[in-house]
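Source file structure_23.cif; content: mmCIF, C-alpha atoms; chains and numbers go by the auth columns.
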```
data_work
#
loop_
_atom_site.group_PDB
_atom_site.id
_atom_site.type_symbol
_atom_site.label_atom_id
_atom_site.label_comp_id
_atom_site.label_asym_id
_atom_site.label_seq_id
_atom_site.Cartn_x
_atom_site.Cartn_y
_atom_site.Cartn_z
_atom_site.B_iso_or_equiv
_atom_site.auth_seq_id
_atom_site.auth_asym_id
ATOM 1 C CA MET A 1 0.000 0.000 0.000 0.00 1 A
ATOM 2 C CA SER A 2 1.355 3.390 -0.947 0.00 2 A
ATOM 3 C CA THR A 3 2.308 5.908 1.733 0.00 3 A
ATOM 4 C CA ASN A 4 -0.289 8.337 0.337 0.00 4 A
ATOM 5 C CA LEU A 5 -3.075 5.777 0.712 0.00 5 A
ATOM 6 C CA ARG A 6 -1.903 4.656 4.158 0.00 6 A
ATOM 7 C CA SER A 7 -2.178 8.240 5.440 0.00 7 A
ATOM 8 C CA HIS A 8 -5.885 8.213 4.515 0.00 8 A
ATOM 9 C CA ILE A 9 -6.734 5.147 6.650 0.00 9 A
ATOM 10 C CA LEU A 10 -8.927 5.962 9.626 0.00 10 A
ATOM 11 C CA LYS A 11 -9.522 2.497 11.058 0.00 11 A
ATOM 12 C CA GLU A 12 -9.189 -1.213 10.313 0.00 12 A
ATOM 13 C CA ILE A 13 -11.448 -3.755 12.003 0.00 13 A
ATOM 14 C CA GLN A 14 -12.433 -7.402 11.801 0.00 14 A
ATOM 15 C CA LEU A 15 -16.138 -7.802 10.970 0.00 15 A
ATOM 16 C CA LYS A 16 -18.577 -10.350 12.400 0.00 16 A
ATOM 17 C CA LYS A 17 -17.985 -12.723 9.477 0.00 17 A
ATOM 18 C CA GLY A 18 -14.190 -12.420 9.723 0.00 18 A
ATOM 19 C CA GLN A 19 -13.643 -9.994 6.855 0.00 19 A
ATOM 20 C CA LYS A 20 -11.281 -7.037 7.300 0.00 20 A
ATOM 21 C CA LEU A 21 -12.934 -3.657 6.855 0.00 21 A
ATOM 22 C CA ILE A 22 -10.748 -0.639 6.150 0.00 22 A
ATOM 23 C CA LEU A 23 -12.270 2.789 6.710 0.00 23 A
ATOM 24 C CA ARG A 24 -10.425 5.503 4.860 0.00 24 A
ATOM 25 C CA LYS A 25 -10.789 8.889 3.280 0.00 25 A
ATOM 26 C CA PRO A 26 -11.213 8.859 -0.504 0.00 26 A
ATOM 27 C CA ILE A 27 -8.429 9.782 -2.899 0.00 27 A
ATOM 28 C CA ILE A 28 -8.936 11.054 -6.440 0.00 28 A
ATOM 29 C CA GLU A 29 -8.086 7.622 -7.862 0.00 29 A
ATOM 30 C CA ASP A 30 -11.302 6.343 -6.191 0.00 30 A
ATOM 31 C CA ALA A 31 -13.583 8.639 -8.225 0.00 31 A
ATOM 32 C CA GLU A 32 -14.597 6.210 -10.971 0.00 32 A
ATOM 33 C CA GLU A 33 -15.212 3.304 -8.575 0.00 33 A
ATOM 34 C CA MET A 34 -17.209 5.597 -6.277 0.00 34 A
ATOM 35 C CA ILE A 35 -19.533 6.551 -9.132 0.00 35 A
ATOM 36 C CA GLN A 36 -19.945 2.882 -10.101 0.00 36 A
ATOM 37 C CA TYR A 37 -20.667 1.983 -6.465 0.00 37 A
ATOM 38 C CA LEU A 38 -23.309 4.716 -6.104 0.00 38 A
ATOM 39 C CA ASN A 39 -25.041 3.736 -9.346 0.00 39 A
ATOM 40 C CA ILE A 40 -25.205 0.116 -8.155 0.00 40 A
ATOM 41 C CA VAL A 41 -26.184 0.744 -4.528 0.00 41 A
ATOM 42 C CA GLY A 42 -28.953 3.095 -5.675 0.00 42 A
ATOM 43 C CA GLY A 43 -30.669 0.094 -7.251 0.00 43 A
ATOM 44 C CA GLU A 44 -30.202 -2.239 -4.281 0.00 44 A
ATOM 45 C CA SER A 45 -32.524 -0.358 -1.960 0.00 45 A
ATOM 46 C CA ASP A 46 -35.369 2.114 -2.088 0.00 46 A
ATOM 47 C CA ASN A 47 -33.962 3.888 0.976 0.00 47 A
ATOM 48 C CA LEU A 48 -31.540 6.238 -0.785 0.00 48 A
ATOM 49 C CA LEU A 49 -32.271 9.572 -2.463 0.00 49 A
ATOM 50 C CA PHE A 50 -31.423 8.114 -5.880 0.00 50 A
ATOM 51 C CA GLY A 51 -32.019 4.864 -7.726 0.00 51 A
ATOM 52 C CA LYS A 52 -30.010 2.579 -9.987 0.00 52 A
ATOM 53 C CA ASP A 53 -27.886 4.523 -12.472 0.00 53 A
ATOM 54 C CA GLU A 54 -29.247 7.875 -11.208 0.00 54 A
ATOM 55 C CA PHE A 55 -25.938 9.189 -9.880 0.00 55 A
ATOM 56 C CA HIS A 56 -24.912 11.438 -12.761 0.00 56 A
ATOM 57 C CA LEU A 57 -21.559 12.987 -11.881 0.00 57 A
ATOM 58 C CA THR A 58 -18.695 12.599 -14.311 0.00 58 A
ATOM 59 C CA VAL A 59 -15.385 11.223 -13.055 0.00 59 A
ATOM 60 C CA GLN A 60 -13.912 14.734 -13.252 0.00 60 A
ATOM 61 C CA GLN A 61 -16.791 16.164 -11.196 0.00 61 A
ATOM 62 C CA GLU A 62 -16.298 13.426 -8.583 0.00 62 A
ATOM 63 C CA ILE A 63 -12.557 14.170 -8.491 0.00 63 A
ATOM 64 C CA GLU A 64 -13.355 17.834 -7.801 0.00 64 A
ATOM 65 C CA HIS A 65 -15.792 16.789 -5.081 0.00 65 A
ATOM 66 C CA ILE A 66 -13.130 14.611 -3.430 0.00 66 A
ATOM 67 C CA LYS A 67 -10.671 17.522 -3.570 0.00 67 A
ATOM 68 C CA ASP A 68 -13.236 19.887 -2.031 0.00 68 A
ATOM 69 C CA ILE A 69 -13.978 17.464 0.798 0.00 69 A
ATOM 70 C CA SER A 70 -10.282 16.866 1.429 0.00 70 A
ATOM 71 C CA ASN A 71 -9.803 20.608 1.899 0.00 71 A
ATOM 72 C CA SER A 72 -12.817 21.076 4.177 0.00 72 A
ATOM 73 C CA ALA A 73 -12.280 21.055 7.931 0.00 73 A
ATOM 74 C CA ASN A 74 -15.974 20.443 8.571 0.00 74 A
ATOM 75 C CA THR A 75 -16.587 17.502 6.225 0.00 75 A
ATOM 76 C CA LEU A 76 -15.478 13.880 6.341 0.00 76 A
ATOM 77 C CA MET A 77 -16.202 11.292 3.679 0.00 77 A
ATOM 78 C CA VAL A 78 -15.455 7.694 4.606 0.00 78 A
ATOM 79 C CA LEU A 79 -15.063 4.754 2.257 0.00 79 A
ATOM 80 C CA GLY A 80 -15.557 1.241 3.610 0.00 80 A
ATOM 81 C CA ILE A 81 -13.204 -1.121 1.783 0.00 81 A
ATOM 82 C CA ILE A 82 -13.214 -4.936 1.835 0.00 82 A
ATOM 83 C CA ASP A 83 -10.852 -6.884 -0.427 0.00 83 A
ATOM 84 C CA ASN A 84 -9.923 -3.648 -2.247 0.00 84 A
ATOM 85 C CA LYS A 85 -13.580 -2.953 -3.165 0.00 85 A
ATOM 86 C CA ILE A 86 -15.792 -0.121 -1.956 0.00 86 A
ATOM 87 C CA VAL A 87 -18.643 -1.576 0.104 0.00 87 A
ATOM 88 C CA SER A 88 -19.749 1.606 1.874 0.00 88 A
ATOM 89 C CA ILE A 89 -19.685 5.362 1.389 0.00 89 A
ATOM 90 C CA ALA A 90 -20.634 7.743 4.179 0.00 90 A
ATOM 91 C CA GLN A 91 -20.274 11.430 4.863 0.00 91 A
ATOM 92 C CA ILE A 92 -20.746 14.012 7.574 0.00 92 A
ATOM 93 C CA SER A 93 -20.700 17.661 6.594 0.00 93 A
ATOM 94 C CA SER A 94 -21.561 21.030 8.021 0.00 94 A
ATOM 95 C CA SER A 95 -21.846 24.453 6.523 0.00 95 A
ATOM 96 C CA SER A 96 -18.981 26.929 6.544 0.00 96 A
ATOM 97 C CA ARG A 97 -21.536 29.630 7.435 0.00 97 A
ATOM 98 C CA LYS A 98 -20.725 30.726 10.974 0.00 98 A
ATOM 99 C CA ARG A 99 -24.327 30.846 12.237 0.00 99 A
ATOM 100 C CA ILE A 100 -25.095 27.242 11.269 0.00 100 A
ATOM 101 C CA ALA A 101 -21.635 25.642 11.237 0.00 101 A
ATOM 102 C CA HIS A 102 -22.447 23.765 14.468 0.00 102 A
ATOM 103 C CA ASN A 103 -25.046 21.684 12.581 0.00 103 A
ATOM 104 C CA SER A 104 -24.060 18.727 10.426 0.00 104 A
ATOM 105 C CA GLU A 105 -25.742 16.143 8.261 0.00 105 A
ATOM 106 C CA ILE A 106 -24.918 12.472 7.877 0.00 106 A
ATOM 107 C CA SER A 107 -25.490 10.078 4.997 0.00 107 A
ATOM 108 C CA ILE A 108 -24.527 6.394 4.948 0.00 108 A
ATOM 109 C CA SER A 109 -24.828 3.679 2.322 0.00 109 A
ATOM 110 C CA VAL A 110 -23.700 0.040 2.425 0.00 110 A
ATOM 111 C CA LYS A 111 -23.839 -2.486 -0.414 0.00 111 A
ATOM 112 C CA ASN A 112 -26.641 -4.987 0.067 0.00 112 A
ATOM 113 C CA ASP A 113 -24.262 -7.990 0.157 0.00 113 A
ATOM 114 C CA TYR A 114 -22.622 -6.494 3.263 0.00 114 A
ATOM 115 C CA TRP A 115 -25.729 -5.574 5.292 0.00 115 A
ATOM 116 C CA ARG A 116 -25.947 -6.874 8.877 0.00 116 A
ATOM 117 C CA ASN A 117 -22.146 -7.138 9.190 0.00 117 A
ATOM 118 C CA GLY A 118 -21.642 -4.173 11.501 0.00 118 A
ATOM 119 C CA ILE A 119 -20.413 -1.847 8.760 0.00 119 A
ATOM 120 C CA GLY A 120 -23.126 0.769 9.311 0.00 120 A
ATOM 121 C CA CYS A 121 -22.389 0.920 13.041 0.00 121 A
ATOM 122 C CA THR A 122 -18.632 1.089 12.462 0.00 122 A
ATOM 123 C CA VAL A 123 -19.040 3.936 9.978 0.00 123 A
ATOM 124 C CA MET A 124 -21.482 5.760 12.272 0.00 124 A
ATOM 125 C CA ASP A 125 -18.953 5.506 15.132 0.00 125 A
ATOM 126 C CA GLU A 126 -16.325 7.122 12.907 0.00 126 A
ATOM 127 C CA LEU A 127 -18.607 9.952 11.785 0.00 127 A
ATOM 128 C CA ILE A 128 -19.682 10.732 15.358 0.00 128 A
ATOM 129 C CA ARG A 129 -16.035 10.626 16.508 0.00 129 A
ATOM 130 C CA PHE A 130 -15.188 13.186 13.804 0.00 130 A
ATOM 131 C CA ALA A 131 -18.062 15.426 14.951 0.00 131 A
ATOM 132 C CA LYS A 132 -16.989 15.262 18.592 0.00 132 A
ATOM 133 C CA GLU A 133 -13.341 15.942 17.772 0.00 133 A
ATOM 134 C CA SER A 134 -14.209 18.834 15.442 0.00 134 A
ATOM 135 C CA GLY A 135 -14.813 21.130 18.379 0.00 135 A
ATOM 136 C CA THR A 136 -17.469 22.967 16.386 0.00 136 A
ATOM 137 C CA ILE A 137 -20.173 20.398 15.542 0.00 137 A
ATOM 138 C CA LYS A 138 -22.915 20.269 18.197 0.00 138 A
ATOM 139 C CA ASN A 139 -25.802 18.714 16.235 0.00 139 A
ATOM 140 C CA ILE A 140 -25.932 15.844 13.769 0.00 140 A
ATOM 141 C CA ASN A 141 -29.080 15.390 11.725 0.00 141 A
ATOM 142 C CA LEU A 142 -30.335 12.919 9.165 0.00 142 A
ATOM 143 C CA GLY A 143 -33.459 11.896 7.347 0.00 143 A
ATOM 144 C CA VAL A 144 -34.691 8.332 7.008 0.00 144 A
ATOM 145 C CA LYS A 145 -37.702 6.700 5.339 0.00 145 A
ATOM 146 C CA THR A 146 -40.353 5.639 7.842 0.00 146 A
ATOM 147 C CA SER A 147 -40.274 2.145 6.340 0.00 147 A
ATOM 148 C CA ASN A 148 -36.507 1.744 6.938 0.00 148 A
ATOM 149 C CA ILE A 149 -36.957 0.133 10.366 0.00 149 A
ATOM 150 C CA ASN A 150 -33.420 -1.304 10.576 0.00 150 A
ATOM 151 C CA ALA A 151 -31.789 2.084 9.986 0.00 151 A
ATOM 152 C CA ILE A 152 -34.098 3.825 12.462 0.00 152 A
ATOM 153 C CA SER A 153 -33.217 1.218 15.091 0.00 153 A
ATOM 154 C CA MET A 154 -29.481 1.732 14.496 0.00 154 A
ATOM 155 C CA TYR A 155 -29.801 5.519 14.699 0.00 155 A
ATOM 156 C CA GLU A 156 -31.747 5.271 17.968 0.00 156 A
ATOM 157 C CA LYS A 157 -29.044 2.970 19.351 0.00 157 A
ATOM 158 C CA PHE A 158 -26.562 5.806 18.777 0.00 158 A
ATOM 159 C CA GLY A 159 -28.804 8.274 20.597 0.00 159 A
ATOM 160 C CA PHE A 160 -30.543 9.958 17.668 0.00 160 A
ATOM 161 C CA GLU A 161 -33.994 11.317 18.531 0.00 161 A
ATOM 162 C CA LYS A 162 -36.977 11.737 16.223 0.00 162 A
ATOM 163 C CA VAL A 163 -37.637 15.461 15.872 0.00 163 A
ATOM 164 C CA GLY A 164 -40.019 15.726 12.944 0.00 164 A
ATOM 165 C CA VAL A 165 -41.492 14.338 9.753 0.00 165 A
ATOM 166 C CA HIS A 166 -41.564 15.399 6.117 0.00 166 A
ATOM 167 C CA LYS A 167 -44.830 14.005 4.766 0.00 167 A
ATOM 168 C CA ASN A 168 -44.620 12.107 1.454 0.00 168 A
ATOM 169 C CA ASN A 169 -40.969 13.114 1.032 0.00 169 A
ATOM 170 C CA PHE A 170 -40.026 9.982 -0.932 0.00 170 A
ATOM 171 C CA ASN A 171 -41.642 8.895 -4.179 0.00 171 A
ATOM 172 C CA VAL A 172 -40.364 5.518 -5.320 0.00 172 A
ATOM 173 C CA ASN A 173 -42.228 4.256 -8.377 0.00 173 A
ATOM 174 C CA GLY A 174 -45.382 6.121 -7.379 0.00 174 A
ATOM 175 C CA ASN A 175 -45.305 4.940 -3.758 0.00 175 A
ATOM 176 C CA PHE A 176 -44.964 7.791 -1.285 0.00 176 A
ATOM 177 C CA ASP A 177 -43.259 7.466 2.106 0.00 177 A
ATOM 178 C CA ASP A 178 -42.604 9.953 4.875 0.00 178 A
ATOM 179 C CA GLU A 179 -39.132 10.988 6.000 0.00 179 A
ATOM 180 C CA ILE A 180 -38.393 10.911 9.721 0.00 180 A
ATOM 181 C CA LEU A 181 -36.015 13.674 10.802 0.00 181 A
ATOM 182 C CA MET A 182 -33.582 12.620 13.527 0.00 182 A
ATOM 183 C CA ASP A 183 -31.015 14.585 15.515 0.00 183 A
ATOM 184 C CA LEU A 184 -28.126 13.700 17.792 0.00 184 A
ATOM 185 C CA TYR A 185 -26.983 16.442 20.146 0.00 185 A
ATOM 186 C CA ILE A 186 -23.314 16.198 21.051 0.00 186 A
#
```
What do you get writing this file as structure tokens?
Amino acid sequence: MSTNLRSHILKEIQLKKGQKLILRKPIIEDAEEMIQYLNIVGGESDNLLFGKDEFHLTVQQEIEHIKDISNSANTLMVLGIIDNKIVSIAQISSSSRKRIAHNSEISISVKNDYWRNGIGCTVMDELIRFAKESGTIKNINLGVKTSNINAISMYEKFGFEKVGVHKNNFNVNGNFDDEILMDLYI
């Protein structure tokens, strides 16, 4: 592993099924695989904000996004890697606007083949650690479909509280679902 890549590693752990999960920050060489991952994972679940092949950034746009995140003190993107393949992408970010910089938003995705392996919890731990160590983030918020019971349960386990609802926020193939708004106060 190159020195550059090694410096981006946040954590390595053994999963429930014995696989080694590496959590690391993305590098520009990940851009194409990240786009492929997002276009696949969008079709594996109706719980994301996009579906299969609906992630429309070019590789160059994704490279610019990775650069922007790398230069932002209030944003962390985490890739979950198993056997040199991306199996999870997650992010926590907050605004650079002084009046709202203490608020952040989290998003997490995990490939279907790797669900129920502890990856979501491991990634959530890392995102919350980042928020606590930032010194500026006081609130973490997220939105989740009311039908995504497993995710809601995980978020509650981490101390997230339900604070509101967006009615009919999701429209997947003509089926509407509410979005539960959840906050964690650090």
Margin query: Please list as an NGL selection string every residue within 10 Å of Lys157 of chain A, counting only C-alpha atoms and excluding residues in the same chain fewer than 5 positions away.
Written below: :A and (121 or 151-152)
Quiz prompt | Distance of atom CA of Thr58 of chain A from atom CA of Phe170 of chain A, expressed in Å to one decimal place | solution =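 Interatomic distance here is 25.3 Å.
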Restricting to all atoms listed in the file, whichever of A:Val59, A:Ile140, A:Ile66, A:Met182 is closest to Leu79 of chain A is A:Ile66
*Skipping near chain neighbours, those fewer than 5 positions away, what residues fall within 10 Å of Val144 of chain A using all atoms listed in the file, listed as a PyMOL selection string?*
chain A and resi 47-49+107+149+151-152+155+165-166+169-170+177-182
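Using only C-alpha atoms, the nearest neighbour of Gly120 of chain A within the list A:Ile27, A:Ala90, A:Ala73, A:Ile35 is A:Ala90.
The gap separating atom CA of Asn103 of chain A from atom CA of Glu156 of chain A is 18.5 Å, in Å to one decimal.
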*asked:* I need every residue sitting at most 12 Å from the point (-17.7, 2.7, 16.1) (coordinates as in the file, all atoms listed in the file considered), written as a list in words.
replied: Leu10, Lys11, Glu12, Ile13, Leu15, Leu23, Gly118, Ile119, Gly120, Cys121, Thr122, Val123, Met124, Asp125, Glu126, Leu127, Ile128, Arg129, Phe130, Met154, Lys157 and Phe158 of chain A
Residue with the minimum atom-to-atom distance to Ser104 of chain A, picked from A:Lys67, A:Lys16, A:Lys145, A:Lys138 with all atoms listed in the file counted, is A:Lys138
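Distance-wise, atom CA of Tyr37 of chain A and atom CA of Asn112 of chain A end up 11.3 Å apart.
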Gln60 of chain A proximity check over A:Gly174, A:Tyr185, A:Ile28, A:Ser45, using all atoms listed in the file: winner is A:Ile28
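Summary of the local environment: counting all atoms listed in the file, residues at most 12 Å from Ile82 of chain A, other than itself and those fewer than 3 positions away along its chain, are Glu12, Ile13, Gln14, Leu15, Lys17, Gly18, Gln19, Lys20, Leu21, Ile22, Leu23, Arg24, Leu79, Lys85, Ile86, Val87, Ser88, Val110, Lys111, Asp113, Tyr114, Asn117 and Ile119 of chain A.
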Between A:Ser153, A:Thr146, A:Thr75, A:Ser134, which is the closest to Phe176 of chain A once you count all atoms listed in the file?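 So, comparing all the options, the nearest one is A:Thr146.
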Nearest to Met34 of chain A, restricted to only C-alpha atoms and choosing among A:Ile69, A:Ile186, A:Ile89, A:Ile81, comes out as A:Ile89
Residues within 6 Å of Ile92 of chain A, only C-alpha atoms, excluding chain neighbours under 2 positions, as an NGL selection string:
:A and (75-76 or 105-106)
Requested write-out: C-alpha atoms of the selected residues, as a PDB file, in the frame of the given file:
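Result written to result.pdb:
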```
ATOM      1  CA  THR A  75     -16.587  17.502   6.225  1.00  0.00           C
ATOM      2  CA  LEU A  76     -15.478  13.880   6.341  1.00  0.00           C
ATOM      3  CA  GLU A 105     -25.742  16.143   8.261  1.00  0.00           C
ATOM      4  CA  ILE A 106     -24.918  12.472   7.877  1.00  0.00           C
TER       5      ILE A 106
END
```
Exactly which residues make up the result of the PyMOL selection byres ((chain A and resi 95) around 10) on this file, given as a list in words? Ser72, Asn74, Thr75, Ser93, Ser94, Ser96, Arg97, Lys98, Arg99, Ile100, Ala101, His102, Asn103, Ser104 and Glu105 of chain A
